[in-house]
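Engineer: Attaching a single structure in structure tokens format; questions to follow.
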Amino acid sequence: MKQLTLKKTEKQIAMVFLFIAILCQMAFTSCNENDSKFKTNSYTMTNDDSTIVNKTDSEWKAQLTPEQYYVLRQKGTERPFTSKFEDHYDGGTYTCAGCGNELFKSDSKFDAGCGWPSFYEALDSTKIKTEIDKTHGMQRVEIMCAKCGGHLGHVFDDGPKPTGLRYCVNGAALDFLKRKK
């Protein structure tokens with residue numbers, strides 16, 4: 001009798017796992033469908049500073065702090081609410097910490113409450129490139145510096161007017177040029 005009960009329990013467990021597997025497959029399939037409002041791009045720099053930065057891994061490690069390297073080169077994410085730029089509202093321009101490419105004006109920065117510096121528009125669409133990011137079982141739009149390819153963060157469609165976008169950026173990926181008076 002024990003053996004019969006054990007086999008019945010094993011079948012029930014197998015059915016539960018099968019049901020969970022089917023649900024997971026359905027969830028991943030819907031996450032991977034390309035129904036995003038965002039279009040990915042591969043822009044070539046068209047401004048005066050059009051030099052693409054190509055460095056070896058060793059050169060990046062020597063130039064960047066460990067946190068900057070983790071974020072920019074390994075597509076990492078800093079912990080929320082830890083960036084020096086989270087509550088930073090001086091006038092000026094936010095640049096790529098890897099190459100100095102000008103990315104966002106301070107005028108487009110807003111408090112999204114998400115724990116990372118947020119902007120509703122890029123300084124110039126040619127300064128940032130985007131790709132679909134399907135990691136961690138979801139689909140997002142990754143933003144990268146068009147000049148050095150450094151990972152900046154992601155862009156979402158839940159931002160304020162006029163664009164409705166929220167560029168959620170790792171502060172470790174940024175430097176800041178204060179506006180001259």
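Note on naming: chains are A, B, ... as they come in the structure tokens, residues start from 1 per chain, ligands start from 1 in the order shown.
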Can you tell me which residues surround stretch 154-164 of chain A at a distance of at most 7 Å, considering only C-alpha atoms, apart from same-chain residues fewer than 3 positions away, and format the answer as number ranges by chain?

Structural biologist: A: 120-121, 140-143, 167-169

Engineer: Counting only C-alpha atoms, which residue out of A:Ile132, A:Leu123, A:Leu174, A:Ile52 sits closest to A:Phe104?

Structural biologist: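 Checking each candidate against A:Phe104, we get A:Leu123 as the closest.
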
Engineer: Measuring atom to atom with only C-alpha atoms, identify which of A:Val53, A:Ala112, A:Ala172, A:Ile128 is nearest to A:Ala146.

Structural biologist: A:Ile128

Engineer: Between A:Gln68, A:Asn101, A:Thr56, A:Ser108, single out the one closest to A:His151, counting only C-alpha atoms.

Structural biologist: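 Of all the options, A:Gln68 lies closest to A:His151.
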